[in-house]
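Structure file target04.tsv; described as TSV, C-alpha atoms.
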chain	number	residue	atom	x	y	z
A	1435	MET	CA	-148.15	1.74	69.91
A	1436	LYS	CA	-145.03	-0.32	70.65
A	1437	ILE	CA	-145.61	-1.47	74.16
A	1438	ALA	CA	-143.53	-4.33	75.43
A	1439	THR	CA	-141.96	-1.93	77.94
A	1440	VAL	CA	-145.36	-0.53	78.93
A	1441	LYS	CA	-146.59	-4.01	79.78
A	1442	GLU	CA	-143.49	-4.59	81.85
A	1443	ARG	CA	-144.10	-1.36	83.74
A	1444	VAL	CA	-147.69	-2.41	84.43
A	1445	MET	CA	-146.36	-5.65	85.90
A	1446	GLN	CA	-143.84	-3.67	87.97
A	1447	TYR	CA	-146.65	-1.45	89.30
A	1448	LEU	CA	-148.76	-4.46	90.25
A	1449	ASP	CA	-145.81	-6.04	92.04
A	1450	VAL	CA	-144.95	-2.88	94.00
A	1451	GLN	CA	-148.57	-2.33	94.99
A	1452	GLY	CA	-149.12	-6.00	95.81
A	1453	ILE	CA	-152.02	-6.32	93.36
A	1454	LYS	CA	-152.75	-9.80	92.06
A	1455	LEU	CA	-153.06	-10.13	88.31
A	1456	SER	CA	-156.49	-11.74	88.67
A	1457	LYS	CA	-157.71	-8.70	90.61
A	1458	PHE	CA	-156.17	-6.41	87.98
A	1459	TYR	CA	-158.17	-8.11	85.22
A	1460	THR	CA	-161.38	-7.87	87.25
A	1461	THR	CA	-160.86	-4.19	88.10
A	1462	THR	CA	-159.91	-3.03	84.59
A	1463	GLY	CA	-162.18	-5.36	82.64
A	1464	LEU	CA	-159.23	-6.30	80.42
A	1465	LYS	CA	-159.04	-9.72	78.79
A	1466	ARG	CA	-157.31	-12.32	80.92
A	1467	GLY	CA	-153.98	-13.48	79.52
A	1468	LEU	CA	-153.06	-10.07	78.11
A	1469	PHE	CA	-150.03	-9.92	80.42
A	1470	ASP	CA	-148.93	-13.54	80.19
A	1471	SER	CA	-145.16	-13.83	79.84
A	1472	ASP	CA	-145.37	-15.08	76.25
A	1473	LYS	CA	-147.44	-12.05	75.25
A	1474	LEU	CA	-145.40	-9.26	76.87
A	1475	SER	CA	-143.79	-8.43	73.52
A	1476	GLN	CA	-147.18	-7.84	71.88
A	1477	SER	CA	-148.61	-4.35	71.65
A	1478	ILE	CA	-151.43	-2.96	73.74
A	1479	SER	CA	-153.94	-0.42	72.43
A	1480	ASP	CA	-154.58	3.11	73.65
A	1481	VAL	CA	-158.03	1.93	74.78
A	1482	PHE	CA	-156.39	-0.55	77.16
A	1483	ILE	CA	-154.06	2.18	78.46
A	1484	THR	CA	-157.10	4.36	79.16
A	1485	LYS	CA	-158.79	1.55	81.11
A	1486	ILE	CA	-155.67	1.00	83.21
A	1487	ILE	CA	-155.34	4.70	84.08
A	1488	ALA	CA	-159.07	4.94	84.84
A	1489	SER	CA	-158.86	1.97	87.21
A	1490	TYR	CA	-155.57	2.96	88.88
A	1491	SER	CA	-155.53	6.75	88.98
A	1492	ASP	CA	-152.36	6.87	91.08
A	1493	ILE	CA	-150.22	5.72	88.13
A	1494	ASN	CA	-148.15	8.47	86.55
A	1495	LEU	CA	-149.11	8.31	82.85
A	1496	GLU	CA	-145.75	9.66	81.68
A	1497	TRP	CA	-143.94	6.94	83.63
A	1498	LEU	CA	-146.27	4.27	82.26
A	1499	LEU	CA	-145.69	5.30	78.63
A	1500	THR	CA	-142.05	6.37	78.71
A	1501	GLY	CA	-140.50	5.14	81.96
A	1502	LYS	CA	-139.63	8.73	82.92
A	1503	GLY	CA	-140.44	10.24	86.30
A	1504	GLU	CA	-141.97	8.54	89.32
A	1505	MET	CA	-144.25	5.52	89.12
A	1506	LEU	CA	-146.96	7.16	91.25
A	1507	LYS	CA	-148.41	10.62	91.04
A	1508	GLU	CA	-147.19	12.94	93.76
A	1509	SER	CA	-150.10	14.08	95.90
A	1510	THR	CA	-149.85	17.51	97.51
A	1511	GLU	CA	-152.57	16.73	100.03
A	1512	PRO	CA	-153.07	13.73	102.32
A	1513	ILE	CA	-155.36	11.12	100.78
A	1514	LYS	CA	-158.26	10.65	103.15
A	1515	ALA	CA	-161.08	8.16	103.19
A	1516	VAL	CA	-164.05	7.35	105.39
A	1517	ALA	CA	-163.93	4.01	107.20
A	1518	HIS	CA	-166.68	2.00	108.87
A	1519	VAL	CA	-166.20	-0.98	111.17
A	1520	SER	CA	-166.84	-4.08	109.11
A	1521	SER	CA	-169.39	-6.67	110.19
A	1522	ASN	CA	-167.14	-9.44	108.87
A	1523	GLU	CA	-163.46	-10.18	108.25
A	1524	ASN	CA	-163.45	-9.11	104.61
A	1525	GLY	CA	-162.41	-5.57	105.44
A	1526	LEU	CA	-158.98	-4.07	106.07
A	1527	PRO	CA	-157.46	-5.20	109.38
A	1528	LEU	CA	-156.31	-2.57	111.87
A	1529	ILE	CA	-153.21	-4.04	113.51
A	1530	PRO	CA	-150.88	-2.86	116.26
A	1531	VAL	CA	-147.54	-1.57	115.00
A	1532	THR	CA	-145.93	-4.50	116.78
A	1533	ALA	CA	-147.88	-6.93	114.56
A	1534	PHE	CA	-146.38	-5.60	111.32
A	1535	ALA	CA	-143.53	-8.10	111.45
A	1536	GLY	CA	-145.89	-11.06	111.25
A	1537	PHE	CA	-148.53	-9.64	108.95
A	1538	GLY	CA	-148.96	-11.59	105.74
A	1539	LEU	CA	-147.33	-14.72	107.14
A	1540	ALA	CA	-149.07	-18.00	107.86
A	1541	THR	CA	-148.11	-17.60	111.49
A	1542	PHE	CA	-149.82	-14.21	111.86
A	1543	ASP	CA	-151.99	-14.17	114.97
A	1544	ASP	CA	-155.51	-13.01	114.09
A	1545	LEU	CA	-156.03	-12.09	117.73
A	1546	GLN	CA	-153.73	-9.12	117.16
A	1547	ILE	CA	-156.26	-7.55	114.80
A	1548	GLU	CA	-158.11	-4.75	116.61
A	1549	HIS	CA	-160.92	-4.23	114.06
A	1550	PHE	CA	-161.78	-4.79	110.42
A	1551	TYR	CA	-162.83	-1.73	108.42
A	1552	ASP	CA	-164.70	-1.26	105.16
A	1553	VAL	CA	-162.68	1.31	103.17
A	1554	PRO	CA	-163.72	1.36	99.48
A	1555	ASP	CA	-161.16	4.08	98.67
A	1556	PHE	CA	-158.17	1.87	99.51
A	1557	LYS	CA	-158.63	-1.33	97.51
A	1558	GLN	CA	-154.84	-1.65	97.15
A	1559	ALA	CA	-154.13	-1.54	100.89
A	1560	ASP	CA	-153.25	-4.63	102.91
A	1561	PHE	CA	-153.65	-3.32	106.45
A	1562	LEU	CA	-154.15	-0.27	108.68
A	1563	ILE	CA	-151.98	0.94	111.56
A	1564	ARG	CA	-152.11	3.93	113.88
A	1565	MET	CA	-149.58	6.73	113.55
A	1566	LYS	CA	-147.61	7.42	116.71
A	1567	GLY	CA	-145.87	10.72	117.31
A	1568	ASN	CA	-145.83	13.90	115.23
A	1569	SER	CA	-142.72	13.36	113.12
A	1570	MET	CA	-144.80	13.27	109.93
A	1571	TYR	CA	-146.96	16.31	110.79
A	1572	PRO	CA	-148.68	18.03	108.95
A	1573	LYS	CA	-149.06	15.11	106.51
A	1574	TYR	CA	-150.11	12.74	109.30
A	1575	SER	CA	-150.75	13.40	112.98
A	1576	SER	CA	-150.40	11.15	116.00
A	1577	GLY	CA	-153.46	8.91	116.22
A	1578	ASP	CA	-154.21	8.97	112.51
A	1579	ILE	CA	-155.00	5.60	110.98
A	1580	ILE	CA	-152.91	5.05	107.89
A	1581	ALA	CA	-153.44	2.56	105.09
A	1582	CYS	CA	-150.43	0.51	103.95
A	1583	ALA	CA	-149.70	-1.77	100.99
A	1584	ILE	CA	-146.95	-4.35	101.50
A	1585	VAL	CA	-144.10	-4.11	98.97
A	1586	LYS	CA	-142.89	-7.57	98.06
A	1587	GLU	CA	-139.50	-6.39	96.84
A	1588	THR	CA	-137.96	-5.30	100.15
A	1589	LEU	CA	-135.25	-3.10	98.67
A	1590	PHE	CA	-137.36	-1.34	96.05
A	1591	PHE	CA	-138.13	2.24	97.06
A	1592	GLN	CA	-139.73	5.11	95.22
A	1593	TRP	CA	-137.76	8.07	96.49
A	1594	ASN	CA	-139.67	10.72	98.44
A	1595	LYS	CA	-142.64	8.43	99.14
A	1596	ILE	CA	-143.77	7.59	102.69
A	1597	TYR	CA	-143.23	4.03	103.88
A	1598	ALA	CA	-143.74	1.96	106.98
A	1599	VAL	CA	-140.31	0.36	107.33
A	1600	LEU	CA	-139.75	-2.53	109.71
A	1601	THR	CA	-136.16	-2.48	110.95
A	1602	ASN	CA	-134.30	-4.95	113.10
A	1603	SER	CA	-132.84	-2.28	115.38
A	1604	GLN	CA	-135.58	0.37	115.67
A	1605	GLY	CA	-138.84	-1.45	115.01
A	1606	VAL	CA	-141.37	0.18	112.68
A	1607	LEU	CA	-140.48	3.60	111.26
A	1608	ILE	CA	-143.04	5.62	109.30
A	1609	LYS	CA	-140.97	8.06	107.29
A	1610	ARG	CA	-140.45	9.61	103.90
A	1611	VAL	CA	-137.67	7.66	102.19
A	1612	LYS	CA	-134.95	9.44	100.24
A	1613	LYS	CA	-131.69	8.44	98.63
A	1614	SER	CA	-128.80	8.46	101.06
A	1615	THR	CA	-125.32	9.80	100.36
A	1616	LEU	CA	-123.98	6.77	102.20
A	1617	PRO	CA	-123.60	3.49	100.28
A	1618	ASP	CA	-126.06	0.72	101.14
A	1619	ASN	CA	-128.23	3.08	103.22
A	1620	ILE	CA	-131.53	4.92	102.84
A	1621	LEU	CA	-132.35	8.32	104.33
A	1622	MET	CA	-135.34	8.44	106.64
A	1623	PHE	CA	-136.87	11.90	106.44
A	1624	SER	CA	-139.59	13.42	108.67
A	1625	ASP	CA	-142.03	16.01	107.29
A	1626	ASN	CA	-141.87	17.76	110.67
A	1627	ALA	CA	-138.80	20.02	110.50
A	1628	ALA	CA	-138.22	19.52	114.24
A	1629	TYR	CA	-136.98	16.00	113.51
A	1630	ASP	CA	-133.59	15.48	111.87
A	1631	PRO	CA	-133.21	12.95	109.03
A	1632	PHE	CA	-131.13	9.85	109.67
A	1633	ASP	CA	-129.66	6.98	107.70
A	1634	VAL	CA	-130.71	3.36	108.02
A	1635	PRO	CA	-128.54	0.52	106.65
A	1636	ILE	CA	-130.35	-1.57	104.06
A	1637	ARG	CA	-129.23	-4.72	105.85
A	1638	ASP	CA	-131.28	-3.58	108.89
A	1639	ILE	CA	-134.56	-3.58	106.90
A	1640	LEU	CA	-136.88	-6.57	107.32
A	1641	LYS	CA	-140.09	-5.50	105.58
A	1642	ILE	CA	-141.57	-2.40	103.94
A	1643	ALA	CA	-145.06	-1.16	103.10
A	1644	LEU	CA	-146.04	1.87	101.05
A	1645	VAL	CA	-148.28	4.33	102.90
A	1646	ILE	CA	-151.25	5.06	100.65
A	1647	GLY	CA	-153.12	7.58	102.79
A	1648	SER	CA	-155.00	8.17	106.01
A	1649	ILE	CA	-158.37	7.09	107.35
A	1650	ARG	CA	-161.06	9.12	109.05
A	1651	VAL	CA	-163.06	6.70	111.18
A	1652	GLU	CA	-166.79	7.45	111.58

Show me, as structure tokens, the structure contained in the file I just sent.
Amino acid sequence: MKIATVKERVMQYLDVQGIKLSKFYTTTGLKRGLFDSDKLSQSISDVFITKIIASYSDINLEWLLTGKGEMLKESTEPIKAVAHVSSNENGLPLIPVTAFAGFGLATFDDLQIEHFYDVPDFKQADFLIRMKGNSMYPKYSSGDIIACAIVKETLFFQWNKIYAVLTNSQGVLIKRVKKSTLPDNILMFSDNAAYDPFDVPIRDILKIALVIGSIRVE
């Protein structure tokens, strides 16, 4: 199978999801160095493709092989997982919405972390925050804890996916992102029909994180 482009799409997926290459090798069991820059033009076997899909089930296989369609599978139901308070700081941090701006930076204040949770289902997530308001109902309700993965490329969006978007003017917005008819804007869309969609200028965006799913705390 001719796969230079497939390897590039794997690297794109890892970048969007914020997954380190070392973690990718550990999770899939693939040989380290397979995705080194000087080997991207080499082919990759169907067995390796199978291991990647088995390890990262949210990847759209058609997109991986052909580049067509969305990168991630579209889920019709909210992804839910069970969370337990962690006894150490190796779990996912639950942070206030106001702490999103500083999360991932060297200056982030650990005192802003409310709890750490063990959530095996969300290995790709970077942090947890609480949903406020019902604009995303019935997908997510006010008070739900949602898992987020920071997207390093600030202006890269997968249309129709839900993101936590940090804006300069409106703070953190948790919305479904769609393509705007206005240049240099994105359309923020609520699942709750009672809320009208609105445009946000790209220049107003400071940081984005992909919403992976919701947490049921026990």

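In this comparison, which uses only C-alpha atoms, the residue of A:Met1570, A:Val1599, A:Ile1649, A:Val1606 approaching Pro1554 (chain A) most closely is A:Ile1649.
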
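CA of Lys1586 (chain A) lies 17.5 Å from CA of Leu1607 (chain A).
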
*asked:* Which residues are near region 1456-1464 of chain A? Cut-off 10 Å, all atoms listed in the file, ignore same chain within fewer than 5 positions. Put them as an NGL selection string.
replied: :A and (1448 or 1469 or 1482-1490)

*Compile the contact shell of Gln1592 (chain A) as number ranges by chain: residues with an atom at most 9 Å away, counting only C-alpha atoms, same-chain residues fewer than 4 positions apart removed.*
A: 1504-1506, 1596, 1611-1612

*Name all residues at most 6 Å from Ser1624 (chain A) (count all atoms listed in the file; drop same-chain ones fewer than 2 positions away) and give them as a ChimeraX atom specification.*
/A:1569-1570,1609,1626

*Is there a way to get, as a PyMOL selection string, all residues within 10 Å of the point (-158.1, -8.8, 104.4) in file coordinates, counting all atoms listed in the file?*
chain A and resi 1523-1528+1538+1550-1551+1559-1561

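When the distance limit is 7 Å and all atoms listed in the file are what count, the residues near Ile1636 (chain A), minus those fewer than 5 positions from it on the same chain, are Asp1618, Asn1619 and Ile1620 of chain A.
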
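Using all atoms listed in the file, the smallest distance between any of A:Ile1639, A:Ala1583, A:Ala1627, A:Ile1453 and Gly1605 (chain A) comes from A:Ile1639.
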